[in-house]
>>> print(open('query_24.csv').read())   # CSV, C-alpha atoms
chain,number,residue,atom,x,y,z
A,1,MET,CA,119.9,83.6,62.5
A,2,ALA,CA,120.2,86.6,60.2
A,3,VAL,CA,117.9,89.5,60.1
A,4,ASN,CA,115.8,90.0,56.9
A,5,VAL,CA,115.5,93.0,54.7
A,6,GLY,CA,112.0,93.6,53.5
A,7,PHE,CA,112.4,92.8,49.9
A,8,GLU,CA,113.6,89.3,50.7
A,9,GLY,CA,110.2,88.3,51.9
A,10,THR,CA,107.3,86.9,50.0
A,11,LEU,CA,103.7,88.2,50.2
A,12,GLU,CA,101.0,86.2,48.6
A,13,ALA,CA,97.2,85.9,48.4
A,14,SER,CA,95.0,82.9,47.9
A,15,THR,CA,91.3,82.2,47.6
A,16,ASP,CA,91.5,78.6,49.0
A,17,GLY,CA,94.5,78.6,51.3
A,18,SER,CA,96.5,76.1,49.1
A,19,THR,CA,97.3,77.9,45.8
A,20,TYR,CA,98.9,81.3,46.4
A,21,SER,CA,99.7,84.1,44.0
A,22,ALA,CA,102.3,86.8,44.7
A,23,ILE,CA,100.9,90.3,45.4
A,24,GLY,CA,103.0,92.0,42.7
A,25,GLY,CA,103.9,95.6,43.2
A,26,ALA,CA,103.6,95.5,47.0
A,27,ASN,CA,106.3,97.4,48.8
A,28,SER,CA,104.9,97.7,52.3
A,29,VAL,CA,103.1,95.2,54.6
A,30,SER,CA,102.1,95.4,58.2
A,31,ALA,CA,100.7,92.6,60.3
A,32,ASN,CA,99.2,92.5,63.7
A,33,LEU,CA,99.1,89.1,65.3
A,34,GLY,CA,97.2,89.7,68.4
A,35,ARG,CA,95.1,88.1,71.1
A,36,ALA,CA,92.5,89.6,73.4
A,37,MET,CA,93.4,89.9,77.1
A,38,LEU,CA,90.8,89.1,79.6
A,39,GLU,CA,91.2,90.6,83.0
A,40,ILE,CA,90.4,88.3,85.9
A,41,THR,CA,91.8,90.3,88.8
A,42,ASP,CA,90.0,89.7,92.1
A,43,PHE,CA,90.4,90.9,95.7
A,44,ASP,CA,93.0,88.3,96.4
A,45,ASP,CA,95.4,89.6,93.7
A,46,THR,CA,98.2,92.0,94.4
A,47,ALA,CA,98.5,93.0,90.8
A,48,VAL,CA,96.3,93.0,87.7
A,49,ASN,CA,95.8,89.4,86.5
A,50,ARG,CA,94.9,88.4,83.0
A,51,ILE,CA,94.2,85.3,80.9
A,52,ALA,CA,94.6,84.8,77.2
A,53,GLY,CA,91.4,85.4,75.1
A,54,LEU,CA,90.7,84.8,71.5
A,55,LYS,CA,93.2,85.4,68.7
A,56,ASP,CA,92.7,88.3,66.4
A,57,SER,CA,94.8,89.7,63.6
A,58,SER,CA,94.8,92.2,60.7
A,59,VAL,CA,97.1,92.9,57.8
A,60,SER,CA,97.6,96.0,55.6
A,61,VAL,CA,99.4,95.9,52.3
A,62,SER,CA,100.3,98.7,50.0
A,63,GLY,CA,102.4,99.3,46.9
A,64,HIS,CA,102.2,100.1,43.2
A,65,TYR,CA,98.9,99.4,41.6
A,66,ILE,CA,99.0,96.7,38.8
A,67,GLY,CA,95.6,96.1,37.3
A,68,ASP,CA,96.2,92.6,36.1
A,69,ASP,CA,98.4,91.3,38.9
A,70,ALA,CA,97.0,88.0,40.1
A,71,GLY,CA,97.5,88.7,43.8
A,72,GLN,CA,96.0,92.2,43.6
A,73,VAL,CA,93.1,90.7,41.6
A,74,ILE,CA,92.4,88.3,44.4
A,75,LEU,CA,92.2,91.2,46.9
A,76,LYS,CA,90.0,93.3,44.7
A,77,ALA,CA,87.6,90.5,44.0
A,78,ALA,CA,87.4,89.7,47.7
A,79,ALA,CA,86.7,93.3,48.5
A,80,ALA,CA,83.8,93.2,46.1
A,81,SER,CA,82.4,89.8,47.1
A,82,GLY,CA,83.0,89.7,50.8
A,83,ASN,CA,84.5,86.2,50.5
A,84,ASP,CA,87.4,85.1,52.7
A,85,VAL,CA,90.9,85.3,51.3
A,86,TYR,CA,94.2,84.0,52.7
A,87,ILE,CA,97.3,86.2,53.1
A,88,ARG,CA,100.7,84.5,53.6
A,89,TRP,CA,103.7,86.7,54.5
A,90,ARG,CA,107.0,85.0,54.8
A,91,PRO,CA,109.5,87.7,55.9
A,92,ASP,CA,112.5,85.4,55.2
A,93,GLY,CA,111.0,83.9,52.1
A,94,THR,CA,110.6,80.5,53.8
A,95,LEU,CA,108.5,80.7,56.9
A,96,GLY,CA,105.9,83.2,58.2
A,97,PHE,CA,102.3,83.3,59.0
A,98,VAL,CA,98.9,82.9,57.4
A,99,LEU,CA,95.8,85.0,58.0
A,100,GLN,CA,92.4,84.0,56.7
A,101,GLY,CA,90.1,87.0,56.7
A,102,LYS,CA,88.0,89.5,54.8
A,103,VAL,CA,89.1,92.5,52.8
A,104,GLU,CA,88.0,95.5,54.7
A,105,ASN,CA,89.0,98.0,52.0
A,106,TYR,CA,91.0,98.3,48.8
A,107,ASN,CA,92.0,101.9,48.2
A,108,MET,CA,93.7,103.4,45.2
A,109,SER,CA,95.3,106.8,44.7
A,110,GLY,CA,97.4,108.4,42.0
A,111,ASP,CA,98.8,111.7,40.8
A,112,PRO,CA,100.5,112.6,37.5
A,113,GLY,CA,104.0,112.5,38.9
A,114,SER,CA,104.2,109.0,40.4
A,115,THR,CA,102.9,105.5,40.1
A,116,THR,CA,99.3,104.8,40.9
A,117,THR,CA,99.2,103.1,44.3
A,118,PHE,CA,96.9,100.7,46.2
A,119,GLU,CA,96.4,100.0,49.9
A,120,SER,CA,94.3,97.2,51.3
A,121,SER,CA,93.4,96.1,54.8
A,122,LEU,CA,92.2,92.7,56.0
A,123,GLN,CA,90.6,91.6,59.2
A,124,ALA,CA,90.8,88.0,60.4
A,125,THR,CA,87.8,85.6,60.5
A,126,THR,CA,89.7,82.7,61.9
A,127,ALA,CA,92.8,82.2,64.1
A,128,TRP,CA,96.1,83.2,62.5
A,129,THR,CA,98.6,80.4,62.2
A,130,VAL,CA,102.4,80.5,62.3
A,131,GLU,CA,104.5,78.3,60.0
A,132,ALA,CA,107.2,76.5,61.8
B,1,MET,CA,116.2,98.8,29.5
B,2,THR,CA,118.9,101.3,28.7
B,3,PRO,CA,117.6,104.9,28.9
B,4,HIS,CA,120.1,106.6,26.7
B,5,VAL,CA,119.5,104.0,23.9
B,6,ASP,CA,115.7,104.3,24.1
B,7,ILE,CA,115.8,108.1,24.4
B,8,SER,CA,118.1,108.3,21.4
B,9,ALA,CA,115.8,106.1,19.4
B,10,ALA,CA,112.8,108.4,20.3
B,11,LEU,CA,114.8,111.4,19.1
B,12,ALA,CA,115.7,109.6,15.9
B,13,THR,CA,112.1,108.6,15.3
B,14,ALA,CA,111.1,112.3,15.8
B,15,SER,CA,113.6,113.2,13.0
B,16,LEU,CA,115.7,115.2,15.4
B,17,GLY,CA,118.9,113.3,14.6
B,18,VAL,CA,120.6,110.4,13.0
B,19,LEU,CA,122.4,108.0,15.3
B,20,GLY,CA,126.1,108.2,14.7
B,21,THR,CA,125.8,111.3,12.4
B,22,THR,CA,124.1,114.0,14.4
B,23,LEU,CA,122.9,112.0,17.4
B,24,PHE,CA,125.4,110.4,19.8
B,25,TYR,CA,125.5,108.3,23.0
B,26,GLY,CA,127.7,109.8,25.7
B,27,PRO,CA,129.1,113.2,26.6
B,28,VAL,CA,129.5,116.3,24.5
B,29,ARG,CA,132.5,116.1,22.3
B,30,ASP,CA,134.2,117.0,19.1
B,31,GLY,CA,136.1,114.8,16.8
B,32,LEU,CA,136.0,112.9,13.6
B,33,GLY,CA,132.5,112.4,12.4
B,34,VAL,CA,131.0,114.8,15.0
B,35,GLY,CA,129.7,118.0,13.6
B,36,ASN,CA,128.8,121.2,15.3
B,37,VAL,CA,125.1,120.5,15.2
B,38,ALA,CA,124.6,117.5,17.4
B,39,ILE,CA,122.6,115.9,20.2
B,40,PHE,CA,124.3,113.9,22.9
B,41,VAL,CA,122.5,111.5,25.3
B,42,LEU,CA,124.2,110.5,28.5
B,43,ASP,CA,122.9,108.4,31.4
B,44,VAL,CA,123.9,110.2,34.6
B,45,GLY,CA,122.8,107.9,37.4
B,46,GLY,CA,119.8,107.9,39.7
B,47,PHE,CA,118.4,107.1,43.0
B,48,ALA,CA,118.6,103.7,44.8
B,49,PRO,CA,115.7,101.6,43.6
B,50,VAL,CA,112.6,101.1,45.8
B,51,ALA,CA,112.2,97.4,46.1
B,52,ASP,CA,109.0,95.4,45.9
B,53,ILE,CA,108.5,92.6,48.4
B,54,GLY,CA,109.0,89.2,46.8
B,55,GLY,CA,112.6,88.2,47.0
B,56,ALA,CA,115.8,89.3,45.3
B,57,ASP,CA,114.2,88.7,41.9
B,58,ALA,CA,111.1,90.8,42.5
B,59,PHE,CA,110.6,94.1,40.7
B,60,ASP,CA,112.1,97.4,41.8
B,61,LEU,CA,110.8,100.9,41.0
B,62,ARG,CA,113.9,102.5,39.4
B,63,GLU,CA,114.4,106.2,38.8
B,64,ARG,CA,117.2,107.1,36.5
B,65,SER,CA,118.4,110.4,35.1
B,66,SER,CA,119.7,111.1,31.6
B,67,GLN,CA,121.0,114.3,30.2
B,68,ILE,CA,120.3,115.3,26.6
B,69,ARG,CA,122.7,118.0,25.3
B,70,VAL,CA,121.8,120.0,22.2
B,71,ARG,CA,124.5,121.9,20.4
B,72,SER,CA,123.8,124.4,17.6
B,73,GLU,CA,125.8,125.6,14.6
B,74,ARG,CA,128.0,128.6,15.3
B,75,ASP,CA,126.0,131.6,16.2
B,76,ALA,CA,122.7,129.8,15.5
B,77,TYR,CA,120.9,130.4,18.8
B,78,THR,CA,117.4,130.4,17.3
B,79,ALA,CA,117.8,127.2,15.5
B,80,GLY,CA,119.4,125.5,18.5
B,81,HIS,CA,116.6,126.8,20.7
B,82,THR,CA,114.0,125.3,18.4
B,83,THR,CA,115.8,122.0,18.4
B,84,ALA,CA,116.0,122.0,22.2
B,85,GLN,CA,112.3,122.6,22.5
B,86,ALA,CA,111.6,119.9,20.0
B,87,VAL,CA,113.7,117.5,22.0
B,88,TRP,CA,111.7,118.2,25.1
B,89,GLU,CA,108.4,117.6,23.2
B,90,ALA,CA,109.7,114.3,21.9
B,91,ILE,CA,110.6,113.0,25.3
B,92,HIS,CA,108.3,114.4,28.0
B,93,LYS,CA,105.5,111.9,28.7
B,94,ARG,CA,106.5,110.0,25.5
B,95,GLN,CA,107.7,106.8,27.2
B,96,PRO,CA,107.6,103.7,25.1
B,97,ALA,CA,106.1,100.4,26.3
B,98,GLY,CA,108.0,98.9,29.2
B,99,TYR,CA,108.7,102.2,30.9
B,100,VAL,CA,106.5,103.6,33.7
B,101,SER,CA,107.2,107.2,32.8
B,102,TRP,CA,109.5,109.7,31.1
B,103,GLU,CA,109.7,113.2,32.4
B,104,ALA,CA,111.8,116.0,31.1
B,105,GLY,CA,112.7,119.3,32.5
B,106,GLU,CA,112.5,122.4,30.3
B,107,PRO,CA,115.6,123.0,28.2
B,108,ILE,CA,118.3,124.8,30.2
B,109,TYR,CA,120.7,127.1,28.3
B,110,ILE,CA,124.2,126.2,29.2
B,111,GLU,CA,126.7,128.4,27.3
B,112,ARG,CA,128.0,129.8,24.0
B,113,ASP,CA,131.3,127.9,23.7
B,114,GLU,CA,134.6,129.2,22.5
B,115,SER,CA,133.6,128.2,18.9
B,116,GLY,CA,130.4,130.2,19.1
B,117,ARG,CA,128.1,127.2,19.4
B,118,HIS,CA,125.2,127.4,21.8
B,119,HIS,CA,124.4,124.5,24.2
B,120,TRP,CA,121.3,123.4,26.0
B,121,SER,CA,120.6,120.6,28.4
B,122,ILE,CA,117.4,118.7,28.8
B,123,ASN,CA,117.4,116.6,32.0
B,124,THR,CA,115.2,113.6,32.1
B,125,LEU,CA,113.8,111.3,34.8
B,126,VAL,CA,113.1,107.8,33.6
B,127,ARG,CA,111.1,105.4,35.7
B,128,THR,CA,110.9,101.6,35.2
B,129,HIS,CA,109.3,98.9,37.2
B,130,ASP,CA,111.3,95.8,36.5
>>> encode(input="query_24.csv", output="structure tokens")
Amino acid sequence: MAVNVGFEGTLEASTDGSTYSAIGGANSVSANLGRAMLEITDFDDTAVNRIAGLKDSSVSVSGHYIGDDAGQVILKAAAASGNDVYIRWRPDGTLGFVLQGKVENYNMSGDPGSTTTFESSLQATTAWTVEA
Amino acid sequence: MTPHVDISAALATASLGVLGTTLFYGPVRDGLGVGNVAIFVLDVGGFAPVADIGGADAFDLRERSSQIRVRSERDAYTAGHTTAQAVWEAIHKRQPAGYVSWEAGEPIYIERDESGRHHWSINTLVRTHD
């Protein structure tokens, strides 16, 4: 199994979880696929003991701002409406994970000497799933 | 997109040269059909592109440099300087459709060559997202 360089991946957004649009201009993505840990240590234990709690996840995406890019439009619209969106990141271009969640923010910044950039963060509303 | 071609076209549009007559692709040179008063446009490389996520066919942010050389008539410093400034004004922030940006440094005086011609260099940074 080969390692993957970042540009090989695909990063997409969807409003319905079936039809996805590439998030054009994106050149950085960070995902946190997590789960709460519930401590159940009692007097009989000789070490801290835990059980798995609920899944939780978040994703942040950033890159060059492209006003009419379909994927970025989905994120902007969801930031305005509060509706759920789906993010699918496939680091190898084939398999990855899907997060359904809400757009926490959609930030933009620019200066005269470089491209205008965007940054968006999402928080999950359902359990993340892994494609296999 | 080929920066030296599009930069040359912009200079021609600004009436600063005629391609093949007073405006040339490539390095500074003499020879048949190349007069003293001339502008040369040469692509000189750039940084490695910054890739977008999205597979090998996704866009990259590319930054490439070109060098525009202005050469005056013999002992015609003032006219050459005026041309060098006009070149800067015709290029800086004048990117055509398809480019992210064109930036040009102020004209740099290079030398008075052995034939008495004055030389300037205008170094440009061209960005594309393709």
>>> residues_near_point(input="query_24.csv", point="(99.2, 90.3, 42.6)", cutoff="7 Å", atoms="only C-alpha atoms", output="number ranges by chain")
A: 21-24, 69-73
>>> residues_around(input="query_24.csv", residues="stretch 84-89 of chain B", least_positions_apart="4", cutoff="12 Å", atoms="only C-alpha atoms", output="JSON, numbers by chain")
{"B": [7, 8, 9, 10, 11, 12, 13, 14, 15, 16, 17, 23, 37, 38, 39, 40, 41, 67, 68, 69, 70, 71, 72, 77, 78, 79, 80, 93, 94, 95, 102, 103, 104, 105, 106, 107, 108, 109, 110, 118, 119, 120, 121, 122, 123, 124]}
>>> residues_around(input="query_24.csv", residues="B:Asp130", least_positions_apart="2", cutoff="6 Å", atoms="all atoms listed in the file", output="NGL selection string")
:B and (59-60 or 128)
>>> closest_atom_pairs(input="query_24.csv", of="chain B", to="chain A", cutoff="9 Å", atoms="only C-alpha atoms", output="tab-separated table")
residue	atom	partner	partner_atom	distance
B:Val50	CA	A:Asn27	CA	7.9
B:Ala51	CA	A:Phe7	CA	6.0
B:Asp52	CA	A:Asn27	CA	4.4
B:Ile53	CA	A:Phe7	CA	4.2
B:Gly54	CA	A:Thr10	CA	4.3
B:Gly55	CA	A:Glu8	CA	4.0
B:Ala56	CA	A:Glu8	CA	5.8
B:Asp57	CA	A:Glu8	CA	8.8
B:Ala58	CA	A:Phe7	CA	7.8
B:Phe59	CA	A:Gly25	CA	7.3
B:Asp60	CA	A:Gly25	CA	8.5
B:Leu61	CA	A:His64	CA	8.9
B:Val100	CA	A:Thr115	CA	7.6
B:Ser101	CA	A:Ser114	CA	8.4
B:Glu103	CA	A:Gly113	CA	8.7
B:His129	CA	A:Gly25	CA	8.7
>>> atom_distance(input="query_24.csv", atom1="atom CA of A:Asn83", atom2="atom CA of A:Thr129")
19.2 Å
>>> atom_distance(input="query_24.csv", atom1="atom CA of B:Leu42", atom2="atom CA of B:Thr21")
16.2 Å
>>> atom_distance(input="query_24.csv", atom1="atom CA of B:Leu19", atom2="atom CA of B:Gly45")
22.1 Å
>>> residues_near_point(input="query_24.csv", point="(95.3, 85.6, 56.2)", cutoff="10 Å", atoms="all atoms listed in the file", output="tab-separated table (two decimals) with C-alpha atoms, in the coordinates of the input")
chain	number	residue	atom	x	y	z
A	12	GLU	CA	101.00	86.20	48.60
A	13	ALA	CA	97.20	85.90	48.40
A	14	SER	CA	95.00	82.90	47.90
A	17	GLY	CA	94.50	78.60	51.30
A	31	ALA	CA	100.70	92.60	60.30
A	57	SER	CA	94.80	89.70	63.60
A	58	SER	CA	94.80	92.20	60.70
A	59	VAL	CA	97.10	92.90	57.80
A	84	ASP	CA	87.40	85.10	52.70
A	85	VAL	CA	90.90	85.30	51.30
A	86	TYR	CA	94.20	84.00	52.70
A	87	ILE	CA	97.30	86.20	53.10
A	88	ARG	CA	100.70	84.50	53.60
A	89	TRP	CA	103.70	86.70	54.50
A	97	PHE	CA	102.30	83.30	59.00
A	98	VAL	CA	98.90	82.90	57.40
A	99	LEU	CA	95.80	85.00	58.00
A	100	GLN	CA	92.40	84.00	56.70
A	101	GLY	CA	90.10	87.00	56.70
A	102	LYS	CA	88.00	89.50	54.80
A	103	VAL	CA	89.10	92.50	52.80
A	122	LEU	CA	92.20	92.70	56.00
A	123	GLN	CA	90.60	91.60	59.20
A	124	ALA	CA	90.80	88.00	60.40
A	125	THR	CA	87.80	85.60	60.50
A	126	THR	CA	89.70	82.70	61.90
A	127	ALA	CA	92.80	82.20	64.10
A	128	TRP	CA	96.10	83.20	62.50
A	129	THR	CA	98.60	80.40	62.20
>>> closest_residue(input="query_24.csv", among="B:Glu111, B:Thr2, B:Phe47, B:His81", to="B:Tyr25", atoms="all atoms listed in the file")
B:Thr2
>>> closest_residue(input="query_24.csv", among="A:Leu75, A:Ile66, A:Ala80, A:Ala52", to="A:Ile40", atoms="all atoms listed in the file")
A:Ala52
>>> build_atoms(input="query_24.csv", residues="stretch 94-130 of chain B", atoms="N, CA and C atoms", output="tab-separated table (two decimals), in the frame of the given file")
chain	number	residue	atom	x	y	z
B	94	ARG	N	106.50	110.77	26.78
B	94	ARG	CA	106.50	110.00	25.50
B	94	ARG	C	107.10	108.61	25.74
B	95	GLN	N	106.99	108.07	26.95
B	95	GLN	CA	107.70	106.80	27.20
B	95	GLN	C	107.13	105.67	26.37
B	96	PRO	N	108.03	104.85	25.84
B	96	PRO	CA	107.60	103.70	25.10
B	96	PRO	C	107.13	102.57	26.02
B	97	ALA	N	106.58	101.53	25.45
B	97	ALA	CA	106.10	100.40	26.30
B	97	ALA	C	107.30	99.84	27.07
B	98	GLY	N	107.02	99.47	28.30
B	98	GLY	CA	108.00	98.90	29.20
B	98	GLY	C	108.52	99.91	30.21
B	99	TYR	N	108.28	101.20	29.96
B	99	TYR	CA	108.70	102.20	30.90
B	99	TYR	C	107.42	102.66	31.71
B	100	VAL	N	107.63	103.05	32.96
B	100	VAL	CA	106.50	103.60	33.70
B	100	VAL	C	106.32	105.08	33.28
B	101	SER	N	107.37	105.84	33.19
B	101	SER	CA	107.20	107.20	32.80
B	101	SER	C	108.53	107.83	32.30
B	102	TRP	N	108.39	108.82	31.45
B	102	TRP	CA	109.50	109.70	31.10
B	102	TRP	C	109.10	111.10	31.41
B	103	GLU	N	109.93	111.77	32.15
B	103	GLU	CA	109.70	113.20	32.40
B	103	GLU	C	110.92	113.96	32.04
B	104	ALA	N	110.71	115.14	31.47
B	104	ALA	CA	111.80	116.00	31.10
B	104	ALA	C	111.66	117.38	31.54
B	105	GLY	N	112.72	117.93	32.08
B	105	GLY	CA	112.70	119.30	32.50
B	105	GLY	C	112.81	120.24	31.26
B	106	GLU	N	112.37	121.44	31.41
B	106	GLU	CA	112.50	122.40	30.30
B	106	GLU	C	113.95	122.59	29.93
B	107	PRO	N	114.21	122.87	28.66
B	107	PRO	CA	115.60	123.00	28.20
B	107	PRO	C	116.31	124.16	29.02
B	108	ILE	N	117.52	123.85	29.44
B	108	ILE	CA	118.30	124.80	30.20
B	108	ILE	C	119.46	125.30	29.27
B	109	TYR	N	119.56	126.61	29.11
B	109	TYR	CA	120.70	127.10	28.30
B	109	TYR	C	121.95	127.04	29.11
B	110	ILE	N	122.99	126.47	28.49
B	110	ILE	CA	124.20	126.20	29.20
B	110	ILE	C	125.28	127.33	28.89
B	111	GLU	N	125.58	127.48	27.60
B	111	GLU	CA	126.70	128.40	27.30
B	111	GLU	C	126.76	128.63	25.76
B	112	ARG	N	127.51	129.65	25.42
B	112	ARG	CA	128.00	129.80	24.00
B	112	ARG	C	129.51	129.48	24.16
B	113	ASP	N	129.91	128.37	23.52
B	113	ASP	CA	131.30	127.90	23.70
B	113	ASP	C	132.29	128.76	22.94
B	114	GLU	N	133.56	128.41	23.07
B	114	GLU	CA	134.60	129.20	22.50
B	114	GLU	C	134.56	129.21	20.94
B	115	SER	N	133.79	128.26	20.39
B	115	SER	CA	133.60	128.20	18.90
B	115	SER	C	132.34	128.92	18.50
B	116	GLY	N	131.64	129.52	19.44
B	116	GLY	CA	130.40	130.20	19.10
B	116	GLY	C	129.18	129.36	19.01
B	117	ARG	N	129.30	128.12	19.44
B	117	ARG	CA	128.10	127.20	19.40
B	117	ARG	C	127.36	127.31	20.70
B	118	HIS	N	126.03	127.26	20.58
B	118	HIS	CA	125.20	127.40	21.80
B	118	HIS	C	124.82	125.95	22.26
B	119	HIS	N	124.71	125.85	23.58
B	119	HIS	CA	124.40	124.50	24.20
B	119	HIS	C	123.22	124.61	25.11
B	120	TRP	N	122.40	123.59	25.06
B	120	TRP	CA	121.30	123.40	26.00
B	120	TRP	C	121.35	122.05	26.62
B	121	SER	N	120.74	121.94	27.76
B	121	SER	CA	120.60	120.60	28.40
B	121	SER	C	119.15	120.38	28.75
B	122	ILE	N	118.72	119.17	28.44
B	122	ILE	CA	117.40	118.70	28.80
B	122	ILE	C	117.58	117.52	29.74
B	123	ASN	N	117.23	117.67	30.99
B	123	ASN	CA	117.40	116.60	32.00
B	123	ASN	C	116.19	115.79	32.15
B	124	THR	N	116.35	114.49	32.09
B	124	THR	CA	115.20	113.60	32.10
B	124	THR	C	115.20	112.70	33.33
B	125	LEU	N	114.01	112.31	33.73
B	125	LEU	CA	113.80	111.30	34.80
B	125	LEU	C	113.04	110.16	34.21
B	126	VAL	N	113.65	109.00	34.21
B	126	VAL	CA	113.10	107.80	33.60
B	126	VAL	C	112.72	106.82	34.70
B	127	ARG	N	111.48	106.35	34.70
B	127	ARG	CA	111.10	105.40	35.70
B	127	ARG	C	110.78	104.02	35.02
B	128	THR	N	111.27	102.97	35.66
B	128	THR	CA	110.90	101.60	35.20
B	128	THR	C	110.51	100.80	36.43
B	129	HIS	N	109.74	99.78	36.18
B	129	HIS	CA	109.30	98.90	37.20
B	129	HIS	C	109.65	97.47	36.71
B	130	ASP	N	110.86	97.04	37.01
B	130	ASP	CA	111.30	95.80	36.50
B	130	ASP	C	112.32	95.11	37.36
